[in-house]
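These notes concern the structure reproduced below.
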Amino acid sequence: MSDEIPRPQTHGPIRESSFAARLRASVLALIAANLMPLLGVLALDWDVAPIMIFYWAENLVIGFYNVLKMRRARGSVASSNTTLNGRPVTETDRGAMVLFFIIHYGIFTLVHGIFVMVMFGPHFRSAFSDLGLALLFLAVSHGVSYRRNFIGRGEFQRVSFTRLFWQPYQRVIVMHVTILLGGTWAQAKGSPVYALLVLVTLKTAIDLALHLWERRKFR
């Protein structure tokens, strides 16, 4: 009979606790950033135009962090079946894919911005005066998720830069189609407080659901 005392298995609970802590931090940061339009409505008399511009500006933040993710990702590209100029993409194509994403996503964001300006243009310029702090909170929120989930949880080791190329579109399209519908409804109502509160709540719920879906997918 062996006298060796088995050591308790602590890796599972520790890993679970670490995951929960990182997820909780990113969720709280996301909710805080999404509450900024609510502050704008209640304290700064925002109408629908600043809110829609704020939500459009999130495209820029998402694109910026996706560039960082594509540069850092270490997952295998062998099974992605992605081609560039008619040949399979390899690790040596990382720089070209990042540049292509910047151009491709930039055009997508520009078209989306023009669409927002056409729909909510009358108050477009004046809306920027109150957006600085709100956009800062937004950038910090995505930064927390990047640092604590993508880096801290090692998500960068399990995803390839080719897969990340298309990932922002999944989130942006689903979220902003719904937001545009809600914004159009709020504008048709004359931007009353209750309509804007519904819009902010709707966006926060969608953003949170997509964030949790991404975390479960990586996990």
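To be explicit about the labels: the chains of the structure tokens are called A, B, and onward in the order shown, and within each one the residues are counted from 1, while ligands get numbers from 1 in the order they are shown.
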Neighbour list for A:Phe137 as a list in words, cut-off 7 Å, only C-alpha atoms, skip fewer than 4 positions in-chain
Ala33, Leu133 and Ser141 of chain A
Selection from above, N, CA and C atoms, as a JSON list (two decimals), in the first residue's frame, can you write it?
```
[["chain", "number", "residue", "atom", "x", "y", "z"],
["A", 33, "ALA", "N", -20.81, 50.97, -20.19],
["A", 33, "ALA", "CA", -20.69, 51.72, -21.44],
["A", 33, "ALA", "C", -22.05, 51.93, -22.09],
["A", 133, "LEU", "N", -16.99, 61.74, -23.72],
["A", 133, "LEU", "CA", -16.91, 60.87, -22.56],
["A", 133, "LEU", "C", -17.58, 59.53, -22.81],
["A", 141, "SER", "N", -14.64, 49.80, -22.32],
["A", 141, "SER", "CA", -15.41, 48.56, -22.20],
["A", 141, "SER", "C", -14.85, 47.47, -23.11]]
```
Find the residues near A:Ile103: any atom within 12 Å, counting only C-alpha atoms, skip ones fewer than 5 places away on the same chain, and give them as a list in words.
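In the requested form, the answer reads Gly63, Val67, Ala96, Met97, Val98, Phe108, Thr109, Leu110 and Phe165 of chain A.
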Write the selection just made, keeping C-alpha atoms, as a CSV table (one decimal), in the first residue's frame?
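Saved the output as selection23.csv:
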```csv
chain,number,residue,atom,x,y,z
A,63,GLY,CA,-12.8,47.4,-35.8
A,67,VAL,CA,-7.1,44.6,-35.8
A,96,ALA,CA,-2.0,41.4,-45.9
A,97,MET,CA,-5.1,40.1,-44.3
A,98,VAL,CA,-5.0,42.8,-41.6
A,108,PHE,CA,-18.5,48.9,-44.6
A,109,THR,CA,-18.4,51.4,-41.7
A,110,LEU,CA,-18.3,54.4,-44.0
A,165,PHE,CA,-11.6,38.6,-40.2
```
How far is it from atom CA of A:Leu136 to atom CA of A:Gly95, in Å with one decimal?
28.0 Å
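Residue nearest A:Trp56, chosen from A:Val89, A:Ile151, A:Val172, A:Leu208 and counting only C-alpha atoms: A:Val172.
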Surrounding residues of A:Asp207 excluding itself and chain neighbours under 4 positions, 8 Å, only C-alpha atoms, as a PyMOL selection string
chain A and resi 175+203+211
Using backbone DSSP assignments, extract all helix (DSSP H, G or I) residues from stretch 34-74 of chain A; output them as a ChimeraX atom specification.
/A:34,36-43,48-72
Would you work out the distance separating atom CA of A:Gln170 from atom CA of A:Gly132, expressed in Å to one decimal?
26.6 Å
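The environment of A:Val144 within 10 Å, counting only C-alpha atoms and disregarding residues fewer than 5 places along the same chain, consists of Arg22, Leu23, Ala25, Ser26, Val27, Leu28, Ala29, Leu30, Ala139, Asn149 and Phe150 of chain A.
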Can you write out the residues you just picked, keeping N, CA and C atoms, as a PDB file, in the first residue's frame?
```
ATOM      1  N   ARG A  22     -13.221  37.108 -14.869  1.00  0.00           N
ATOM      2  CA  ARG A  22     -12.954  37.854 -16.101  1.00  0.00           C
ATOM      3  C   ARG A  22     -14.239  38.174 -16.836  1.00  0.00           C
ATOM      4  N   LEU A  23     -15.150  37.200 -16.870  1.00  0.00           N
ATOM      5  CA  LEU A  23     -16.418  37.419 -17.558  1.00  0.00           C
ATOM      6  C   LEU A  23     -17.228  38.494 -16.842  1.00  0.00           C
ATOM      7  N   ALA A  25     -16.123  40.991 -15.042  1.00  0.00           N
ATOM      8  CA  ALA A  25     -15.528  42.305 -15.270  1.00  0.00           C
ATOM      9  C   ALA A  25     -15.902  42.856 -16.638  1.00  0.00           C
ATOM     10  N   SER A  26     -15.837  42.012 -17.677  1.00  0.00           N
ATOM     11  CA  SER A  26     -16.152  42.483 -19.028  1.00  0.00           C
ATOM     12  C   SER A  26     -17.637  42.786 -19.176  1.00  0.00           C
ATOM     13  N   VAL A  27     -18.493  42.000 -18.502  1.00  0.00           N
ATOM     14  CA  VAL A  27     -19.933  42.251 -18.561  1.00  0.00           C
ATOM     15  C   VAL A  27     -20.274  43.566 -17.872  1.00  0.00           C
ATOM     16  N   LEU A  28     -19.685  43.820 -16.706  1.00  0.00           N
ATOM     17  CA  LEU A  28     -19.940  45.072 -15.996  1.00  0.00           C
ATOM     18  C   LEU A  28     -19.465  46.274 -16.805  1.00  0.00           C
ATOM     19  N   ALA A  29     -18.301  46.136 -17.452  1.00  0.00           N
ATOM     20  CA  ALA A  29     -17.801  47.228 -18.282  1.00  0.00           C
ATOM     21  C   ALA A  29     -18.718  47.475 -19.473  1.00  0.00           C
ATOM     22  N   LEU A  30     -19.230  46.407 -20.059  1.00  0.00           N
ATOM     23  CA  LEU A  30     -20.143  46.541 -21.199  1.00  0.00           C
ATOM     24  C   LEU A  30     -21.434  47.246 -20.782  1.00  0.00           C
ATOM     25  N   ALA A 139     -14.776  52.673 -25.495  1.00  0.00           N
ATOM     26  CA  ALA A 139     -13.456  52.131 -25.803  1.00  0.00           C
ATOM     27  C   ALA A 139     -12.891  51.344 -24.622  1.00  0.00           C
ATOM     28  N   ASN A 149     -10.502  38.760 -21.522  1.00  0.00           N
ATOM     29  CA  ASN A 149     -11.007  37.554 -22.182  1.00  0.00           C
ATOM     30  C   ASN A 149     -10.083  37.076 -23.294  1.00  0.00           C
ATOM     31  N   PHE A 150      -9.832  37.939 -24.273  1.00  0.00           N
ATOM     32  CA  PHE A 150      -9.036  37.507 -25.414  1.00  0.00           C
ATOM     33  C   PHE A 150      -7.597  37.174 -25.004  1.00  0.00           C
TER      34      PHE A 150
END
```
